[in-house]
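Q: Just so it is clear, I am handing over upload-v7.cif, which has mmCIF, C-alpha atoms.
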```
data_input
#
loop_
_atom_site.label_atom_id
_atom_site.label_comp_id
_atom_site.auth_asym_id
_atom_site.auth_seq_id
_atom_site.Cartn_x
_atom_site.Cartn_y
_atom_site.Cartn_z
CA MET I 1 140.73 87.00 71.37
CA SER I 2 138.41 89.17 73.46
CA GLU I 3 139.23 92.88 73.36
CA LEU I 4 138.76 92.97 77.15
CA LEU I 5 142.06 91.12 77.53
CA ASN I 6 143.90 94.25 76.38
CA LEU I 7 142.54 96.33 79.27
CA GLU I 8 144.54 97.11 82.40
CA PRO I 9 144.94 95.67 84.92
CA LYS I 10 145.03 92.49 82.88
CA SER I 11 144.90 90.34 86.01
CA LEU I 12 141.39 91.67 86.68
CA TRP I 13 139.96 91.88 83.18
CA LYS I 14 140.91 88.33 82.21
CA HIS I 15 138.72 87.06 85.05
CA PHE I 16 135.84 89.35 84.12
CA ASP I 17 136.05 88.19 80.52
CA LYS I 18 135.91 84.58 81.75
CA ILE I 19 132.91 85.33 83.97
CA CYS I 20 131.09 86.90 81.00
CA SER I 21 131.57 83.67 79.06
CA ILE I 22 129.81 81.63 81.78
CA PRO I 23 125.99 81.99 82.12
CA HIS I 24 125.19 83.04 85.71
CA PRO I 25 121.74 84.63 86.11
CA SER I 26 120.19 84.70 89.58
CA LYS I 27 118.91 81.26 90.68
CA HIS I 28 121.14 79.58 88.06
CA GLU I 29 124.69 79.97 89.41
CA GLU I 30 125.76 76.32 89.16
CA LYS I 31 128.04 76.93 86.15
CA ILE I 32 129.87 79.87 87.73
CA VAL I 33 130.21 77.95 91.01
CA ALA I 34 131.80 75.06 89.09
CA ALA I 35 134.20 77.50 87.44
CA LEU I 36 135.20 78.92 90.84
CA VAL I 37 135.92 75.44 92.13
CA GLU I 38 138.03 74.77 89.04
CA PHE I 39 139.95 78.01 89.67
CA ALA I 40 140.63 77.05 93.29
CA LYS I 41 141.91 73.61 92.31
CA ALA I 42 144.13 75.01 89.55
CA ASN I 43 145.73 77.46 91.99
CA ASN I 44 145.98 75.08 94.96
CA ILE I 45 143.67 77.28 96.99
CA GLU I 46 141.64 75.83 99.85
CA TYR I 47 137.93 76.04 99.06
CA LYS I 48 134.51 75.02 100.28
CA VAL I 49 131.03 75.09 98.75
CA ASP I 50 128.53 75.45 101.59
CA GLU I 51 125.02 74.00 101.75
CA THR I 52 123.52 77.13 100.20
CA GLY I 53 125.89 77.17 97.24
CA ASN I 54 128.26 79.90 98.37
CA VAL I 55 131.95 79.39 97.61
CA ILE I 56 134.55 80.17 100.26
CA MET I 57 138.28 80.27 99.44
CA ARG I 58 141.21 80.73 101.83
CA LYS I 59 144.73 81.89 101.04
CA PRO I 60 147.36 81.69 103.81
CA ALA I 61 149.26 84.79 104.86
CA SER I 62 152.60 85.64 103.34
CA LYS I 63 155.64 84.75 105.41
CA GLY I 64 155.94 87.16 108.34
CA MET I 65 152.33 88.37 107.94
CA GLU I 66 150.66 85.52 109.82
CA ASN I 67 149.69 87.73 112.78
CA ARG I 68 147.97 90.37 110.67
CA LYS I 69 144.19 90.66 110.80
CA GLY I 70 142.43 88.43 108.33
CA VAL I 71 140.64 90.12 105.42
CA ILE I 72 137.50 88.74 103.75
CA LEU I 73 136.81 89.77 100.16
CA GLN I 74 133.10 89.36 99.43
CA ALA I 75 131.28 89.48 96.09
CA HIS I 76 128.16 87.87 94.64
CA VAL I 77 128.30 85.78 91.49
CA ASP I 78 124.76 86.12 90.11
CA MET I 79 123.71 88.86 87.69
CA VAL I 80 120.55 90.70 86.65
CA PRO I 81 119.46 89.03 83.37
CA GLN I 82 117.75 91.66 81.23
CA LYS I 83 117.75 91.98 77.45
CA ASN I 84 116.26 94.15 74.77
CA ASN I 85 113.10 92.78 73.18
CA ASP I 86 114.79 92.44 69.77
CA THR I 87 117.79 90.56 71.21
CA LYS I 88 117.81 86.77 71.09
CA HIS I 89 119.57 85.62 74.23
CA ASP I 90 119.16 82.68 76.62
CA PHE I 91 120.72 83.75 79.92
CA ILE I 92 120.85 80.16 81.19
CA ASN I 93 122.91 78.93 78.22
CA ASP I 94 124.35 81.88 76.29
CA PRO I 95 127.45 83.94 77.22
CA ILE I 96 127.36 87.69 77.71
CA LEU I 97 129.00 89.50 74.78
CA PRO I 98 131.06 92.40 76.21
CA ARG I 99 132.43 95.19 74.05
CA ILE I 100 134.46 98.36 74.58
CA ASP I 101 132.51 101.56 73.93
CA GLY I 102 134.82 104.53 74.45
CA GLU I 103 135.71 104.58 78.13
CA TRP I 104 133.09 102.00 79.05
CA VAL I 105 132.69 98.25 78.82
CA ARG I 106 129.15 97.40 77.75
CA ALA I 107 127.20 94.32 76.72
CA THR I 108 125.51 93.76 73.36
CA GLY I 109 121.75 93.80 73.79
CA THR I 110 121.81 92.60 77.41
CA THR I 111 122.88 93.59 80.86
CA LEU I 112 126.64 93.23 81.39
CA GLY I 113 126.79 91.61 84.79
CA ALA I 114 129.50 93.90 86.12
CA ASP I 115 127.28 93.91 89.19
CA ASN I 116 128.97 91.99 90.64
CA GLY I 117 131.21 90.22 88.17
CA ILE I 118 133.82 92.94 88.44
CA GLY I 119 133.95 92.51 92.22
CA ALA I 120 134.36 88.75 91.89
CA SER I 121 137.11 89.37 89.33
CA ALA I 122 138.96 91.61 91.75
CA ALA I 123 138.85 88.93 94.45
CA LEU I 124 140.11 86.28 92.03
CA ALA I 125 142.96 88.54 90.92
CA VAL I 126 144.07 88.95 94.54
CA LEU I 127 143.86 85.21 95.19
CA GLU I 128 145.89 84.44 92.08
CA ASP I 129 148.61 87.04 92.65
CA LYS I 130 151.86 85.30 93.68
CA GLU I 131 153.76 88.56 94.30
CA LEU I 132 151.28 90.20 96.66
CA VAL I 133 152.40 90.38 100.31
CA HIS I 134 149.38 89.97 102.56
CA GLY I 135 147.87 88.69 105.75
CA PRO I 136 145.32 85.83 105.86
CA ILE I 137 142.80 86.22 103.01
CA GLU I 138 139.38 84.68 102.58
CA ALA I 139 137.11 85.17 99.59
CA LEU I 140 133.36 84.72 99.92
CA PHE I 141 131.39 84.36 96.69
CA THR I 142 127.66 84.41 97.47
CA ILE I 143 124.79 83.34 95.23
CA ASP I 144 121.39 84.88 94.45
CA GLU I 145 122.06 88.36 95.78
CA GLU I 146 119.89 90.09 93.20
CA THR I 147 116.63 88.26 93.93
CA GLY I 148 116.58 87.68 97.65
CA MET I 149 120.07 87.62 99.22
CA THR I 150 119.69 83.84 99.46
CA GLY I 151 123.43 83.23 99.68
CA ALA I 152 124.02 85.82 102.38
CA PHE I 153 121.09 84.62 104.45
CA GLY I 154 122.20 81.00 104.07
CA LEU I 155 125.76 81.61 105.27
CA LYS I 156 126.20 79.94 108.64
CA ALA I 157 127.85 81.59 111.60
CA GLY I 158 131.45 80.52 112.08
CA GLU I 159 132.17 79.80 108.41
CA LEU I 160 134.55 82.76 108.14
CA ASN I 161 137.62 83.54 110.22
CA GLY I 162 138.60 87.03 109.09
CA ASP I 163 138.42 90.25 111.09
CA ILE I 164 137.75 92.71 108.25
CA LEU I 165 135.19 92.19 105.49
CA LEU I 166 135.42 94.19 102.28
CA ASN I 167 132.23 94.08 100.27
CA LEU I 168 133.19 94.47 96.60
CA ASP I 169 129.67 95.27 95.42
CA SER I 170 129.86 99.03 95.83
CA GLU I 171 129.45 101.83 93.29
CA THR I 172 131.64 104.73 94.35
CA GLU I 173 135.26 104.57 95.45
CA GLY I 174 135.81 105.97 98.92
CA GLU I 175 132.26 105.32 100.14
CA LEU I 176 131.21 102.55 102.51
CA TYR I 177 127.62 101.30 102.50
CA VAL I 178 126.28 100.04 105.81
CA GLY I 179 122.66 99.44 104.81
CA CYS I 180 119.97 100.09 102.23
CA ALA I 181 116.32 101.03 101.98
CA GLY I 182 115.25 97.56 100.94
CA GLY I 183 112.18 96.88 98.88
CA ILE I 184 108.75 95.30 98.85
CA ASP I 185 107.40 92.85 96.30
CA ALA I 186 103.76 93.24 95.34
CA THR I 187 101.81 90.88 93.12
CA ILE I 188 98.65 92.50 91.76
CA THR I 189 96.22 90.14 90.05
CA PHE I 190 93.25 91.17 87.92
CA GLU I 191 90.56 88.71 86.93
CA PHE I 192 89.27 89.65 83.50
CA THR I 193 87.11 88.36 80.70
CA LYS I 194 88.62 87.79 77.25
CA GLU I 195 86.50 89.24 74.50
CA ALA I 196 86.80 89.17 70.72
CA MET I 197 88.08 92.29 68.99
CA PRO I 198 85.10 94.35 67.76
CA ALA I 199 84.51 94.06 64.03
CA ASP I 200 84.96 97.77 63.31
CA HIS I 201 88.38 97.90 65.05
CA LYS I 202 91.95 97.43 63.81
CA ALA I 203 94.78 95.78 65.75
CA TYR I 204 97.84 97.88 66.66
CA GLU I 205 100.96 97.46 68.76
CA LEU I 206 101.85 100.33 71.08
CA CYS I 207 105.55 100.22 71.87
CA VAL I 208 107.88 102.13 74.22
CA LYS I 209 111.55 101.26 73.73
CA GLY I 210 115.07 102.66 73.60
CA MET I 211 115.23 103.56 77.31
CA LYS I 212 118.41 102.83 79.25
CA GLY I 213 116.86 100.88 82.10
CA GLY I 214 119.37 100.17 84.83
CA HIS I 215 119.49 98.89 88.39
CA SER I 216 116.42 99.85 90.37
CA GLY I 217 118.62 100.56 93.39
CA MET I 218 121.65 102.50 92.20
CA ASP I 219 120.27 103.99 88.97
CA ILE I 220 116.90 105.10 90.30
CA ILE I 221 118.27 108.56 91.22
CA LEU I 222 119.41 109.27 87.64
CA GLY I 223 115.94 110.30 86.47
CA ARG I 224 115.78 107.71 83.72
CA GLY I 225 112.48 106.79 82.13
CA ASN I 226 110.37 103.82 83.14
CA ALA I 227 108.91 102.15 80.06
CA ASN I 228 105.98 100.66 81.98
CA LYS I 229 104.92 103.98 83.45
CA THR I 230 105.33 105.71 80.11
CA LEU I 231 103.22 103.08 78.34
CA PHE I 232 100.37 103.53 80.79
CA ARG I 233 100.55 107.32 80.44
CA VAL I 234 100.02 106.93 76.69
CA LEU I 235 97.18 104.46 77.25
CA LYS I 236 95.51 106.98 79.54
CA ALA I 237 95.82 109.69 76.89
CA LEU I 238 94.37 107.32 74.26
CA GLU I 239 91.12 106.84 76.18
CA LYS I 240 89.57 109.57 74.04
CA VAL I 241 89.64 107.25 70.99
CA ASP I 242 87.75 104.44 72.78
CA TYR I 243 90.39 101.78 72.17
CA ARG I 244 90.18 98.26 73.59
CA LEU I 245 93.14 96.89 75.52
CA GLY I 246 94.71 93.54 74.66
CA GLU I 247 97.91 91.91 75.92
CA ILE I 248 100.48 93.95 77.91
CA ASN I 249 104.17 93.18 78.45
CA GLY I 250 106.75 95.39 80.09
CA GLY I 251 109.90 94.95 82.12
CA SER I 252 111.33 91.60 83.06
CA LEU I 253 112.89 91.81 86.52
CA ARG I 254 111.99 93.08 89.96
CA ASN I 255 115.27 94.94 90.37
CA ALA I 256 115.69 96.46 86.92
CA ILE I 257 114.09 99.65 85.61
CA PRO I 258 111.92 98.61 82.63
CA ARG I 259 113.58 99.71 79.39
CA GLU I 260 110.85 98.45 77.04
CA ALA I 261 107.09 97.92 77.21
CA PHE I 262 104.52 96.74 74.66
CA CYS I 263 100.80 96.21 74.38
CA THR I 264 98.24 95.37 71.74
CA VAL I 265 95.27 97.66 71.35
CA ALA I 266 92.20 97.53 69.13
CA ILE I 267 91.34 100.97 67.76
CA PRO I 268 88.11 101.95 65.99
CA SER I 269 88.90 102.23 62.27
CA ALA I 270 87.45 105.73 62.15
CA LYS I 271 89.76 106.94 64.95
CA VAL I 272 93.11 105.50 63.87
CA SER I 273 94.37 108.86 62.62
CA GLU I 274 93.40 110.54 65.90
CA ALA I 275 95.18 107.79 67.87
CA GLU I 276 98.35 108.24 65.82
CA THR I 277 98.27 111.98 66.58
CA VAL I 278 97.88 111.35 70.32
CA VAL I 279 100.86 108.95 70.33
CA LYS I 280 103.06 111.42 68.43
CA GLU I 281 102.10 114.23 70.80
CA TYR I 282 102.88 112.09 73.83
CA GLU I 283 106.18 110.98 72.36
CA SER I 284 107.10 114.66 72.05
CA ILE I 285 106.06 115.32 75.66
CA VAL I 286 108.10 112.43 77.05
CA ARG I 287 111.08 113.25 74.82
CA ASN I 288 111.14 116.78 76.21
CA GLU I 289 110.92 115.47 79.77
CA LEU I 290 113.71 112.94 79.33
CA ALA I 291 115.85 114.67 76.70
CA ALA I 292 118.94 114.75 78.90
CA VAL I 293 118.81 111.10 79.98
CA GLU I 294 116.87 109.14 77.34
CA PRO I 295 117.90 110.45 73.88
CA ASP I 296 117.03 107.14 72.18
CA MET I 297 113.53 106.72 73.62
CA GLU I 298 110.82 105.91 71.07
CA ILE I 299 107.04 105.58 71.31
CA SER I 300 105.37 104.03 68.30
CA LEU I 301 101.97 102.81 67.17
CA LYS I 302 102.20 100.22 64.40
CA GLU I 303 99.55 98.06 62.79
CA ALA I 304 99.62 94.49 64.14
CA SER I 305 98.76 91.31 62.31
CA SER I 306 96.13 90.39 64.87
CA CYS I 307 94.73 90.97 68.34
CA ASP I 308 93.88 87.60 69.83
CA PHE I 309 91.60 89.08 72.47
CA VAL I 310 90.68 92.27 74.27
CA ILE I 311 90.18 92.69 78.01
CA ASP I 312 86.73 93.57 79.21
CA GLN I 313 86.39 97.35 79.47
CA ASP I 314 85.84 97.64 83.24
CA THR I 315 88.98 95.66 84.05
CA ALA I 316 91.01 97.44 81.38
CA LYS I 317 90.15 100.81 82.92
CA ARG I 318 91.17 99.54 86.36
CA ILE I 319 94.51 98.31 84.99
CA VAL I 320 95.26 101.66 83.36
CA ARG I 321 94.17 103.48 86.51
CA VAL I 322 96.64 101.47 88.59
CA GLY I 323 99.37 102.05 86.00
CA THR I 324 98.85 105.82 86.13
CA HIS I 325 98.31 106.20 89.87
CA ASN I 326 98.39 109.95 90.45
CA LYS I 327 99.40 110.21 94.11
CA ASN I 328 97.33 113.39 94.40
CA ASN I 329 98.22 115.85 97.17
CA ARG I 330 101.45 113.98 97.92
CA LEU I 331 103.40 117.24 98.22
CA ILE I 332 100.92 118.75 100.67
CA LYS I 333 100.92 115.59 102.80
CA ARG I 334 104.71 115.51 102.77
CA LEU I 335 105.00 119.15 103.83
CA SER I 336 102.52 118.56 106.64
CA LEU I 337 104.72 115.74 107.93
CA HIS I 338 107.81 117.93 107.69
CA CYS I 339 106.24 120.95 109.35
CA GLY I 340 103.85 119.35 111.84
CA ASN I 341 104.73 118.94 115.51
CA SER I 342 104.92 115.15 115.54
CA ILE I 343 107.76 113.65 117.55
CA LYS I 344 109.13 111.74 114.58
CA GLY I 345 107.36 112.63 111.34
CA THR I 346 110.00 112.25 108.61
CA VAL I 347 113.67 111.42 108.18
CA PHE I 348 114.31 115.12 107.49
CA ARG I 349 112.82 116.04 110.89
CA GLU I 350 115.11 113.51 112.54
CA LEU I 351 118.15 115.00 110.77
CA VAL I 352 117.17 118.49 111.90
CA ARG I 353 116.66 117.23 115.45
CA ASP I 354 120.07 115.53 115.56
CA CYS I 355 121.80 118.65 114.21
CA LEU I 356 120.02 120.89 116.74
CA ILE I 357 121.15 118.58 119.54
CA LYS I 358 124.76 118.64 118.33
CA LYS I 359 124.62 122.42 117.94
CA GLY I 360 123.39 122.73 121.51
CA GLU I 361 119.98 124.21 120.69
CA LYS I 362 116.46 123.16 121.64
CA SER I 363 115.40 120.01 119.85
CA ASN I 364 111.79 119.55 120.95
CA PRO I 365 109.15 119.03 118.20
CA GLU I 366 108.13 122.69 118.26
CA SER I 367 111.74 123.85 117.76
CA ILE I 368 112.20 121.43 114.85
CA SER I 369 109.03 122.76 113.21
CA GLU I 370 110.10 126.35 113.83
CA TYR I 371 113.39 125.72 112.02
CA ILE I 372 111.77 123.94 109.06
CA ASN I 373 109.01 126.55 108.74
CA GLY I 374 111.73 129.20 108.53
CA LEU I 375 113.22 127.66 105.39
CA ARG I 376 112.46 129.28 102.07
CA ILE I 377 109.97 127.34 99.99
CA VAL I 378 109.62 127.85 96.26
CA VAL I 379 106.14 127.23 94.92
CA ILE I 380 105.75 126.35 91.25
CA PRO I 381 102.11 126.73 90.18
CA VAL I 382 100.90 123.97 87.88
CA ASN I 383 97.34 123.63 86.62
CA ASP I 384 96.70 119.95 87.27
CA GLU I 385 93.06 119.81 86.31
CA SER I 386 93.93 118.00 83.08
CA ASN I 387 95.86 114.75 82.67
CA LYS I 388 98.80 116.64 81.19
CA GLY I 389 98.80 119.01 84.16
CA ILE I 390 98.87 116.13 86.64
CA GLU I 391 101.73 114.50 84.77
CA LYS I 392 103.66 117.78 84.74
CA ARG I 393 103.19 118.36 88.47
CA LEU I 394 104.17 114.81 89.38
CA ARG I 395 107.25 115.01 87.20
CA ILE I 396 108.35 118.22 88.96
CA GLU I 397 107.75 116.72 92.40
CA GLU I 398 109.65 113.53 91.63
CA GLN I 399 112.70 115.10 90.00
CA LEU I 400 113.28 118.47 91.68
CA ILE I 401 115.07 117.47 94.88
CA ALA I 402 117.16 114.80 93.17
CA THR I 403 118.16 117.28 90.46
CA LEU I 404 119.12 119.99 92.94
CA SER I 405 121.12 117.58 95.07
CA TRP I 406 122.99 116.18 92.09
CA ALA I 407 123.66 119.66 90.65
CA ALA I 408 124.93 120.91 94.00
CA PHE I 409 127.28 117.94 94.16
CA LEU I 410 128.57 118.36 90.60
CA PHE I 411 128.90 122.14 90.66
CA SER I 412 130.18 122.66 94.16
CA GLU I 413 132.39 125.54 93.02
CA PHE I 414 129.27 127.67 92.50
CA ARG I 415 127.91 126.98 95.96
CA PRO I 416 127.98 129.82 98.53
CA GLU I 417 130.71 129.49 101.14
CA LYS I 418 129.65 127.43 104.12
CA ASP I 419 128.89 129.32 107.28
CA GLU I 420 129.75 127.66 110.58
CA THR I 421 126.20 128.42 111.71
CA ASP I 422 124.67 126.46 108.85
CA LEU I 423 122.83 123.64 110.53
CA PHE I 424 123.96 121.03 108.01
CA THR I 425 127.56 121.40 109.23
CA PHE I 426 126.47 119.65 112.43
CA ALA I 427 125.14 116.61 110.56
CA GLU I 428 126.61 113.18 111.23
CA ASN I 429 126.10 112.24 107.57
CA GLU I 430 129.20 113.21 105.60
CA GLN I 431 127.23 113.41 102.36
CA ILE I 432 125.02 116.15 103.82
CA LYS I 433 128.12 118.10 104.79
CA LYS I 434 129.80 117.47 101.46
CA ILE I 435 126.88 118.50 99.26
CA GLY I 436 126.02 121.55 101.35
CA LEU I 437 122.58 121.83 99.82
CA TRP I 438 120.83 122.42 103.12
CA LEU I 439 121.66 125.94 104.31
CA SER I 440 120.43 127.89 107.32
CA ASP I 441 118.02 129.98 105.27
CA GLY I 442 116.91 127.49 102.64
CA MET I 443 118.22 125.24 99.94
CA PHE I 444 120.90 126.39 97.56
CA CYS I 445 119.66 126.09 93.97
#
```
Please render this file's structure as structure tokens.
A:
Amino acid sequence: MSELLNLEPKSLWKHFDKICSIPHPSKHEEKIVAALVEFAKANNIEYKVDETGNVIMRKPASKGMENRKGVILQAHVDMVPQKNNDTKHDFINDPILPRIDGEWVRATGTTLGADNGIGASAALAVLEDKELVHGPIEALFTIDEETGMTGAFGLKAGELNGDILLNLDSETEGELYVGCAGGIDATITFEFTKEAMPADHKAYELCVKGMKGGHSGMDIILGRGNANKTLFRVLKALEKVDYRLGEINGGSLRNAIPREAFCTVAIPSAKVSEAETVVKEYESIVRNELAAVEPDMEISLKEASSCDFVIDQDTAKRIVRVGTHNKNNRLIKRLSLHCGNSIKGTVFRELVRDCLIKKGEKSNPESISEYINGLRIVVIPVNDESNKGIEKRLRIEEQLIATLSWAAFLFSEFRPEKDETDLFTFAENEQIKKIGLWLSDGMFC
């Protein structure tokens, strides 16, 4: 018996355990759809599978509740299929293997699929409950949310009757999401020439593994490592040993942070020791950077049995250059957008403008700039003439604001008392008010 069946509430966890046993990666939801149809039939629940593949179920209101507003419970039934490189798993045919790890339910060597299997389980528990007193209930189970929102886009107008829709694919209790930043797919293709490994070189595998990965939407703010980016940083540092680049593999999904990355490299026999030193040094650098979030991260250089080919040198350098794009002067450009007198500029300028309007003060571009220019700015000097310096500066830029915001949220008891003149108190966004990071005279840190 699965250990999940001992968890409370049992009515929810039994459905999640069942969902884990049914393969349901994005684009391959036919098995989970069949299971939903079977559930509806077994419980005498009205159901429909639309042309797109979404499943809609309807449960009549309890006696005396017929005039209540109808509620729609919505969840998606596909999952992000990602596994560790050393895990043998076929997401189309193999079940997810959940396990209890302290206070968490995790999967063994793969993603768990709680996004959004746990939401679907909650909807099924409500539909199955014979004691629950309720108004009209509909459940909408959409397909292919993770790789294109195909199910949502394919849902036809008029399919649903309810007045209130509860999306069960959220992360934090008490918060309602009304939109997201979205994303852009980019396919970058390099034409290259395969060359034989030089005779005086040895084949090695450069490996980055042990990172946590996670959802590229919700987990991106946690400061976790990106195995692809880390791999290219090491390749950049290895240029001093004149290696030749072979095959590269890293990440597996567009919406998952890469947890592992690998490549084959051909290293001159006389410079193997130097290459090993560079890799160890860079492992130490990255470990220090990610110590709080990636304690199991490893970077290794191990001798490989062979290197089938190497990429021509010009193309290899271009690939590494793209993988280590520096974004030079990004901070200066960003500050110029914040502080310039453009009408729009940045989201931060718009927030300041809206708060000034609500506070009853001037909100023209010059007044917005005057307010922002009056904030305290901390400058951290970093010598970025070397590769290590550039990496250090970029790391500070990328993590500082997220770290301060998260710390201010977690340690609110240490925050100065809010003043009614603080501009953030006039913000429409409740999170800005709640965090209180943005004060009249600067940022609390």
Q: Distance CA of Gln82 in chain I-CA of Ser252 in chain I, one decimal place?
A: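 Here the two named atoms are 6.7 Å from each other.
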Q: Please expand the PyMOL selection byres ((chain I and resi 136) around 6) into the concrete residues it hits in this file, giving the result as a PyMOL selection string.
A: chain I and resi 60-61+70+135+137
Q: Closest to Gly162 in chain I among I:His76, I:Lys212, I:Arg349, I:Arg68, using all atoms listed in the file?
A: I:Arg68
Q: What residues come out when you apply the PyMOL selection byres ((chain I and resi 86-88) around 9) to this file, written as a ChimeraX atom specification?
A: /I:83-85,89-90,108-110
Q: Pick out the closest residue to Met79 in chain I from this set: I:Asn116, I:Thr230, I:Asn167, I:Asn288. Count only C-alpha atoms.
A: I:Asn116
Q: Expanded to explicit residues, what is the PyMOL selection byres ((chain I and resi 26) around 6) for this file, as a PyMOL selection string?
A: chain I and resi 25+27-28+78-79+144
Q: Residues around (144.7, 79.6, 89.3), cut-off 10 Å, counting all atoms listed in the file - what are they as an MDAnalysis selection string?
A: chainID I and resid 36 38:45 124:125 127:129
Q: If you measure from CA of Arg106 in chain I to CA of Leu7 in chain I, what distance in Å do you get, rounded to one decimal?
A: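 We find that CA of Arg106 in chain I and CA of Leu7 in chain I lie 13.5 Å from each other.
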Q: Tell me which of I:Val71, I:Ile164, I:Val208, I:Val126 sits closest to Asp296 in chain I, counting all atoms listed in the file.
A: I:Val208
Q: Tell me, in Å to one decimal, how far CA of Asn93 in chain I is from CA of Lys209 in chain I.
A: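 Value for the CA of Asn93 in chain I-CA of Lys209 in chain I distance: 25.5 Å.
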Q: Considering only C-alpha atoms, state which residue in the set I:Val310, I:Ala292, I:Met211, I:Val80 is at the smallest distance from Glu247 in chain I.
A: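 Closest to Glu247 in chain I, using only C-alpha atoms: I:Val310.
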Q: Gln313 in chain I: which residues within 8 Å, counting only C-alpha atoms, same-chain residues fewer than 4 positions away excluded, as a PyMOL selection string?
A: chain I and resi 244-245+317
Q: Which residue gives the smallest distance to Leu222 in chain I among I:Val293, I:Val286, I:Cys355, I:Ala237, with only C-alpha atoms counted?
A: I:Val293
Q: Kindly indicate which residue among I:Asp314, I:Glu428, I:Glu46, I:Asp308 lies nearest to Glu350 in chain I, using only C-alpha atoms for the distances.
A: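 Counting only C-alpha atoms, the residue closest to Glu350 in chain I is I:Glu428.
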Q: Which residues are close to Glu138 in chain I, i.e. within 6 Å by all atoms listed in the file, leaving aside same-chain residues fewer than 3 positions away? Reply as a list in words.
A: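 The residues that qualify are Met57, Arg58 and Ile72 of chain I.
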Q: Could you take the residues named above and write them with C-alpha atoms, as an mmCIF file, keeping the file's coordinate frame?
A:
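Just written: result.cif:
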```
data_model
loop_
_atom_site.group_PDB
_atom_site.id
_atom_site.type_symbol
_atom_site.label_atom_id
_atom_site.label_comp_id
_atom_site.auth_asym_id
_atom_site.auth_seq_id
_atom_site.Cartn_x
_atom_site.Cartn_y
_atom_site.Cartn_z
ATOM 1 C CA MET I 57 138.280 80.270 99.440
ATOM 2 C CA ARG I 58 141.210 80.730 101.830
ATOM 3 C CA ILE I 72 137.500 88.740 103.750
#
```
